[in-house]
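J.: The structure's right below; bear with me while I get my questions together.
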Amino acid sequence: MAPEARGGKPVEGRGAKPRRRGAQPKVVALGGGMGLSASLTALRRITGDLTAVVTVADDGGSSGRLRDELGVLPPGDLRKALAALCGDDDWGQTWARVIQHRFQSKGELHEHAVGNLLIVALWEQLGDHVQALDLVGRLLGAHGRVLPMSAVPLELQALVKGHDPERPEDIDTVRGQATVALTPGEVQSVHVVPHDPPAVPEAVAAVLDADWVVLGPGSWFSSVIPHLLVPELLDALTETKARRVLSLNLAPQPGETDGFSPQRHLEVLGRHAPKLALDVVLADEAAVPDRDLLTDAAKRFGAAVELAPVARTDESPRHDPELLAAAYDRIFRMHGRIGPWR
């Protein structure tokens with residue numbers, strides 16, 4: 001169940017609609033893969049009104065095989081988001097394990113995830129992406145809703161400098177999310193094919209109706225930035241009255257963002273969406289060697305910087321759900337000015 005709201009008189013935020021006393025924030029989280037899963041696992045602890053908008057450019061593994069064979073949206077990142085929204089009770093954790101389970105065999109089912117097959121089966125049965133995902137969410141008892149960002153599968157393409165080590169100054173086009181995520185060389189920019197993909201209307205509506213939009217953490221070029229390449233979704237992110245928080249990664253990712261400083265993540269985001277404004281940039285305090293440089297980069301988006309301990313204590317580059325939830329909760333209360341909610 002969602003956390004109970006605490007008392008207190010709400011104070012309205014920027015352009016926010018009047019809200020009843022103790023109402024929970026409407027939160028939309030955008031991303032894909034494990035980064036989005038980390039954010040959702042934290043956010044479901046502090047609000048019961050949560051929507052995930054998920055990238056649909058995956059072309060590797062089980063998702064890629066289903067996409068190639070059946071022409072469907074890649075279901076893998078959608079499955080991971082649904083698993084992250086499962087509750088901590090026996091029902092939720094059992095279903096989270098079931099949909100994440102992968103078959104091990106010497107045949108065609110090898111490495112297919114149960115949840116991928118379930119999602120695709122419902123798409124074929126119902127003929128509606130959103131209705132099918134809502135049905136899976138009800139089966140799992142998910143604490144939120146999962147939506148694809150686009151109604152068509154996308155191909156991610158990147159311009160990469162030095163992709164061929166023997167030609168370090170040349171810029172090549174690298175195709176496919178799985179390839180981009182591990183590419184050698186320096187990613188200059190990314191785009192999607194088709195170049196003007198349709199957004200899922202429910203995803204656009206959720207962003208426009210939100211109190212908070214959370215972007216990141218996650219693979220920067222292959223999971224975070226692609227949301228800014230869907231014109232209708234970018235327009236919604238630009239026009240929404242919601243406050244926007246960008247959650248930075250704990251460490252650069254091999255291949256995709258090797259050598260990136262925290263502020264460089266902001267710089268490449270701004271190159272892809274120069275009109276995007278932010279309210280808060282959240283980063284782990286141990287992952288920011290120079291707060292002043294990050295503050296200067298955030299100011300270009302109109303954002304404040306919030307540093308908080310959000311990493312696991314085992315020194316792995318993963319977010320701790322409880323610490324990340326506490327950081328989001330504090331940001332929503334301090335910067336949103338439309339709560340408290342818990």
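Residues in the structure tokens are named by chain (A, B, ... in the order shown) and by number from 1 within that chain; ligands are numbered from 1 in the order shown.
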Give me the segment 127-210 of chain A side of the contact with segment 52-74 of chain A, cut-off 8 Å, one line per residue showing its nearest atom pair and distance in Å at one decimal, counting only C-alpha atoms, sorted by chain and residue number, as JSON lines.
T.:
```
{"residue": "A:Gly144", "atom": "CA", "partner": "A:Ala52", "partner_atom": "CA", "distance": 7.6}
{"residue": "A:Arg145", "atom": "CA", "partner": "A:Ala52", "partner_atom": "CA", "distance": 6.1}
{"residue": "A:Val146", "atom": "CA", "partner": "A:Ala52", "partner_atom": "CA", "distance": 4.7}
{"residue": "A:Leu147", "atom": "CA", "partner": "A:Val53", "partner_atom": "CA", "distance": 4.9}
{"residue": "A:Pro148", "atom": "CA", "partner": "A:Val54", "partner_atom": "CA", "distance": 4.8}
{"residue": "A:Met149", "atom": "CA", "partner": "A:Val54", "partner_atom": "CA", "distance": 5.4}
{"residue": "A:Ser150", "atom": "CA", "partner": "A:Val56", "partner_atom": "CA", "distance": 6.8}
{"residue": "A:Ala151", "atom": "CA", "partner": "A:Leu73", "partner_atom": "CA", "distance": 7.7}
{"residue": "A:Val152", "atom": "CA", "partner": "A:Leu73", "partner_atom": "CA", "distance": 6.3}
{"residue": "A:Pro153", "atom": "CA", "partner": "A:Leu73", "partner_atom": "CA", "distance": 4.8}
{"residue": "A:Leu154", "atom": "CA", "partner": "A:Ala57", "partner_atom": "CA", "distance": 4.6}
{"residue": "A:Glu155", "atom": "CA", "partner": "A:Ala57", "partner_atom": "CA", "distance": 5.5}
{"residue": "A:Leu156", "atom": "CA", "partner": "A:Ala57", "partner_atom": "CA", "distance": 6.1}
{"residue": "A:Gly176", "atom": "CA", "partner": "A:Asp59", "partner_atom": "CA", "distance": 6.3}
{"residue": "A:Gln177", "atom": "CA", "partner": "A:Asp58", "partner_atom": "CA", "distance": 5.5}
{"residue": "A:Ala178", "atom": "CA", "partner": "A:Gly60", "partner_atom": "CA", "distance": 5.6}
{"residue": "A:Ala203", "atom": "CA", "partner": "A:Val53", "partner_atom": "CA", "distance": 6.3}
```
J.: So, with only C-alpha atoms as the atoms that count, which of A:Met34, A:Ala325, A:Leu246, A:Leu293 lies closest to Glu306 of chain A?
T.: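 Smallest separation from Glu306 of chain A among the options: A:Leu246.
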J.: Here is a test: counting only C-alpha atoms, which residue of A:Val187, A:Val281, A:Leu133, A:Leu269 is nearest to Leu248 of chain A?
T.: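 Result for the nearest residue to Leu248 of chain A: A:Val281.
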J.: Write out, as JSON lines, each residue of segment 87-138 of chain A that has an atom at most 8 Å from segment 78-81 of chain A, together with the closest pair of atoms and their distance in Å to one decimal, counting only C-alpha atoms, rows going by chain and rising number.
T.:
```
{"residue": "A:Ile99", "atom": "CA", "partner": "A:Arg79", "partner_atom": "CA", "distance": 7.2}
{"residue": "A:Gln100", "atom": "CA", "partner": "A:Lys80", "partner_atom": "CA", "distance": 7.4}
{"residue": "A:Gly115", "atom": "CA", "partner": "A:Arg79", "partner_atom": "CA", "distance": 5.9}
{"residue": "A:Asn116", "atom": "CA", "partner": "A:Arg79", "partner_atom": "CA", "distance": 6.5}
{"residue": "A:Ile119", "atom": "CA", "partner": "A:Arg79", "partner_atom": "CA", "distance": 7.8}
```
J.: Output N, CA and C atoms for every residue in the selection just made, as an mmCIF file, in the first residue's frame.
T.:
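The result, written out as result25.cif:
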```cif
data_model
loop_
_atom_site.group_PDB
_atom_site.id
_atom_site.type_symbol
_atom_site.label_atom_id
_atom_site.label_comp_id
_atom_site.auth_asym_id
_atom_site.auth_seq_id
_atom_site.Cartn_x
_atom_site.Cartn_y
_atom_site.Cartn_z
ATOM 1 N N ILE A 99 8.318 -12.738 -13.507
ATOM 2 C CA ILE A 99 8.425 -12.043 -14.795
ATOM 3 C C ILE A 99 9.874 -11.769 -15.171
ATOM 4 N N GLN A 100 10.777 -11.776 -14.196
ATOM 5 C CA GLN A 100 12.193 -11.598 -14.497
ATOM 6 C C GLN A 100 12.889 -12.923 -14.820
ATOM 7 N N GLY A 115 8.391 -12.530 -18.432
ATOM 8 C CA GLY A 115 7.617 -11.297 -18.547
ATOM 9 C C GLY A 115 7.549 -10.766 -19.962
ATOM 10 N N ASN A 116 8.638 -10.915 -20.728
ATOM 11 C CA ASN A 116 8.616 -10.481 -22.125
ATOM 12 C C ASN A 116 7.556 -11.239 -22.916
ATOM 13 N N ILE A 119 3.976 -10.117 -21.828
ATOM 14 C CA ILE A 119 3.613 -8.797 -22.354
ATOM 15 C C ILE A 119 3.282 -8.885 -23.840
#
```
J.: Tell me, as a ChimeraX atom specification, which residues lie within 8 Å of Leu50 of chain A, counting only C-alpha atoms; anything in the same chain fewer than 4 positions away does not count.
T.: /A:26-29,43-44,143-145
J.: Any chance you could list, as a ChimeraX atom specification, the residues in segment 184-263 of chain A that come up strand (DSSP E or B) when DSSP is run on the backbone?
T.: /A:186-193,199,212-215,243-247
J.: Would you put the residues from that selection into a file with N, CA and C atoms, as an mmCIF file, in the first residue's frame?
T.:
```cif
data_model
loop_
_atom_site.group_PDB
_atom_site.id
_atom_site.type_symbol
_atom_site.label_atom_id
_atom_site.label_comp_id
_atom_site.auth_asym_id
_atom_site.auth_seq_id
_atom_site.Cartn_x
_atom_site.Cartn_y
_atom_site.Cartn_z
ATOM 1 N N GLU A 186 34.102 8.061 -28.443
ATOM 2 C CA GLU A 186 33.371 9.127 -27.740
ATOM 3 C C GLU A 186 32.064 9.430 -28.463
ATOM 4 N N VAL A 187 30.943 9.201 -27.796
ATOM 5 C CA VAL A 187 29.637 9.491 -28.391
ATOM 6 C C VAL A 187 29.472 11.006 -28.505
ATOM 7 N N GLN A 188 29.212 11.486 -29.717
ATOM 8 C CA GLN A 188 29.013 12.921 -29.947
ATOM 9 C C GLN A 188 27.539 13.310 -29.803
ATOM 10 N N SER A 189 26.664 12.466 -30.352
ATOM 11 C CA SER A 189 25.226 12.742 -30.285
ATOM 12 C C SER A 189 24.485 11.470 -30.657
ATOM 13 N N VAL A 190 23.195 11.454 -30.321
ATOM 14 C CA VAL A 190 22.345 10.327 -30.695
ATOM 15 C C VAL A 190 21.065 10.852 -31.330
ATOM 16 N N HIS A 191 20.459 9.999 -32.153
ATOM 17 C CA HIS A 191 19.146 10.291 -32.708
ATOM 18 C C HIS A 191 18.414 8.973 -32.887
ATOM 19 N N VAL A 192 17.129 9.051 -33.172
ATOM 20 C CA VAL A 192 16.332 7.836 -33.333
ATOM 21 C C VAL A 192 15.763 7.774 -34.748
ATOM 22 N N VAL A 193 15.504 6.561 -35.175
ATOM 23 C CA VAL A 193 14.844 6.288 -36.456
ATOM 24 C C VAL A 193 13.594 5.482 -36.160
ATOM 25 N N ALA A 199 4.552 9.843 -30.004
ATOM 26 C CA ALA A 199 4.531 9.533 -28.574
ATOM 27 C C ALA A 199 3.234 8.823 -28.226
ATOM 28 N N TRP A 212 5.650 16.219 -10.376
ATOM 29 C CA TRP A 212 7.092 16.073 -10.521
ATOM 30 C C TRP A 212 7.386 15.127 -11.668
ATOM 31 N N VAL A 213 8.396 15.471 -12.460
ATOM 32 C CA VAL A 213 8.933 14.582 -13.490
ATOM 33 C C VAL A 213 10.373 14.271 -13.120
ATOM 34 N N VAL A 214 10.707 12.984 -13.111
ATOM 35 C CA VAL A 214 12.058 12.529 -12.758
ATOM 36 C C VAL A 214 12.698 11.928 -14.004
ATOM 37 N N LEU A 215 13.858 12.454 -14.381
ATOM 38 C CA LEU A 215 14.601 11.964 -15.545
ATOM 39 C C LEU A 215 15.930 11.405 -15.052
ATOM 40 N N ARG A 243 7.410 20.238 -11.714
ATOM 41 C CA ARG A 243 8.819 20.474 -11.464
ATOM 42 C C ARG A 243 9.610 19.261 -11.949
ATOM 43 N N ARG A 244 10.850 19.517 -12.369
ATOM 44 C CA ARG A 244 11.637 18.485 -13.030
ATOM 45 C C ARG A 244 12.944 18.254 -12.286
ATOM 46 N N VAL A 245 13.196 16.995 -11.947
ATOM 47 C CA VAL A 245 14.448 16.639 -11.282
ATOM 48 C C VAL A 245 15.226 15.688 -12.174
ATOM 49 N N LEU A 246 16.509 15.957 -12.331
ATOM 50 C CA LEU A 246 17.413 15.095 -13.079
ATOM 51 C C LEU A 246 18.284 14.362 -12.073
ATOM 52 N N SER A 247 18.252 13.037 -12.130
ATOM 53 C CA SER A 247 19.026 12.212 -11.212
ATOM 54 C C SER A 247 20.252 11.669 -11.943
#
```
J.: Excluding same-chain residues fewer than 5 positions from Asp320 of chain A, what lies within 8 Å of it counting only C-alpha atoms, as a PyMOL selection string?
T.: chain A and resi 38+310-312
J.: Within 12 Å of segment 286-288 of chain A, counting only C-alpha atoms, which residues qualify if same-chain residues fewer than 6 places away don't, as number ranges by chain?
T.: A: 248-252, 260-265, 294-295, 305-313, 315, 317-319
J.: Apply DSSP to the backbone of this structure and, from segment 253-339 of chain A, keep only the residues in alpha helix (DSSP H); write these as a PyMOL selection string.
T.: chain A and resi 262-272+291-299+321-335
J.: Of the residues A:Ala236, A:Val224, A:Leu182, A:Leu140, which is the one nearest to Ala205 of chain A, using only C-alpha atoms?
T.: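 Between A:Ala236, A:Val224, A:Leu182, A:Leu140, the residue approaching Ala205 of chain A most closely is A:Ala236.
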J.: Have a look at atom CA of Asp164 of chain A and atom CA of Gly185 of chain A and let me know their distance in Å, one decimal.
T.: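 That distance, rounded to one decimal, is 7.4 Å.
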J.: For a quick check of understanding, using only C-alpha atoms, which of A:Ala206, A:Gln253, A:Glu124, A:Leu139 has the smallest distance to Pro184 of chain A?
T.: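 Ranking A:Ala206, A:Gln253, A:Glu124, A:Leu139 by distance to Pro184 of chain A, first place goes to A:Gln253.
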J.: Write out as a short mmCIF file (atom, residue, chain, number, x, y, z; two decimals) with N, CA, C and O atoms, in the first residue's frame which residues come within 12 Å of Gly270 of chain A when counting only C-alpha atoms, dropping same-chain ones fewer than 3 positions away.
T.:
```cif
data_model
loop_
_atom_site.label_atom_id
_atom_site.label_comp_id
_atom_site.auth_asym_id
_atom_site.auth_seq_id
_atom_site.Cartn_x
_atom_site.Cartn_y
_atom_site.Cartn_z
N SER A 189 26.66 12.47 -30.35
CA SER A 189 25.23 12.74 -30.29
C SER A 189 24.49 11.47 -30.66
O SER A 189 25.06 10.53 -31.21
N ILE A 225 18.53 10.17 -22.68
CA ILE A 225 18.36 11.15 -23.75
C ILE A 225 17.31 10.75 -24.79
O ILE A 225 16.62 11.63 -25.33
N LEU A 228 14.07 12.62 -25.03
CA LEU A 228 14.09 13.97 -25.56
C LEU A 228 14.08 13.99 -27.08
O LEU A 228 14.01 15.07 -27.69
N GLN A 263 29.12 17.23 -14.57
CA GLN A 263 28.67 18.37 -15.36
C GLN A 263 28.64 18.07 -16.85
O GLN A 263 27.84 18.65 -17.58
N ARG A 264 29.49 17.15 -17.29
CA ARG A 264 29.47 16.81 -18.71
C ARG A 264 28.18 16.09 -19.09
O ARG A 264 27.66 16.24 -20.21
N HIS A 265 27.62 15.31 -18.16
CA HIS A 265 26.32 14.70 -18.41
C HIS A 265 25.28 15.79 -18.70
O HIS A 265 24.42 15.63 -19.59
N LEU A 266 25.33 16.88 -17.95
CA LEU A 266 24.39 17.98 -18.18
C LEU A 266 24.64 18.66 -19.52
O LEU A 266 23.71 19.03 -20.23
N GLU A 267 25.89 18.82 -19.86
CA GLU A 267 26.23 19.49 -21.12
C GLU A 267 25.68 18.74 -22.33
O GLU A 267 25.10 19.34 -23.24
N ALA A 273 18.63 18.89 -26.03
CA ALA A 273 17.35 19.55 -25.72
C ALA A 273 17.65 20.93 -25.13
O ALA A 273 17.52 21.14 -23.92
N PRO A 274 18.07 21.88 -25.97
CA PRO A 274 18.51 23.19 -25.45
C PRO A 274 17.41 23.99 -24.76
O PRO A 274 17.73 24.90 -23.98
N LYS A 275 16.15 23.70 -25.01
CA LYS A 275 15.07 24.46 -24.38
C LYS A 275 14.56 23.82 -23.09
O LYS A 275 13.68 24.37 -22.43
N LEU A 276 15.12 22.68 -22.72
CA LEU A 276 14.66 21.98 -21.53
C LEU A 276 15.13 22.71 -20.27
O LEU A 276 16.30 23.05 -20.14
N ALA A 277 14.20 22.95 -19.35
CA ALA A 277 14.53 23.53 -18.06
C ALA A 277 14.42 22.45 -16.99
O ALA A 277 13.64 21.50 -17.13
N LEU A 278 15.21 22.59 -15.94
CA LEU A 278 15.17 21.68 -14.81
C LEU A 278 15.03 22.50 -13.53
O LEU A 278 15.33 23.70 -13.50
N ALA A 297 26.95 24.27 -14.17
CA ALA A 297 26.26 23.57 -15.26
C ALA A 297 24.76 23.50 -15.01
O ALA A 297 23.96 23.65 -15.94
N ALA A 298 24.36 23.27 -13.77
CA ALA A 298 22.94 23.18 -13.44
C ALA A 298 22.24 24.52 -13.61
O ALA A 298 21.06 24.57 -14.00
N LYS A 299 22.95 25.61 -13.33
CA LYS A 299 22.34 26.94 -13.46
C LYS A 299 21.90 27.23 -14.89
O LYS A 299 20.96 27.99 -15.11
N ARG A 300 22.58 26.64 -15.86
CA ARG A 300 22.19 26.85 -17.26
C ARG A 300 20.82 26.27 -17.55
O ARG A 300 20.16 26.65 -18.52
N PHE A 301 20.39 25.32 -16.73
CA PHE A 301 19.04 24.75 -16.84
C PHE A 301 18.06 25.42 -15.87
O PHE A 301 16.89 25.04 -15.82
N GLY A 302 18.55 26.37 -15.07
CA GLY A 302 17.72 26.98 -14.04
C GLY A 302 17.54 26.11 -12.82
O GLY A 302 16.57 26.27 -12.08
#
```
J.: Can you pull out every residue within 9 Å of Ser37 of chain A, counting only C-alpha atoms, but drop anything in the same chain fewer than 5 positions away, and send it as a ChimeraX atom specification?
T.: /A:31-32,42,77,80-85
J.: Calculate how many Å separate atom CA of Gln125 of chain A from atom CA of Gly48 of chain A, rounding to one decimal.
T.: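 One can read the atom CA of Gln125 of chain A to atom CA of Gly48 of chain A distance as 28.8 Å.
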J.: Interatomic distance between atom CA of Ile171 of chain A and atom CA of Phe221 of chain A?
T.: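 A separation of 16.3 Å between them.
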J.: Which one of A:Ser39, A:Gln24, A:Thr183, A:Thr257 sits closest to Ser219 of chain A if you count only C-alpha atoms?
T.: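 Smallest separation from Ser219 of chain A among the options: A:Thr257.
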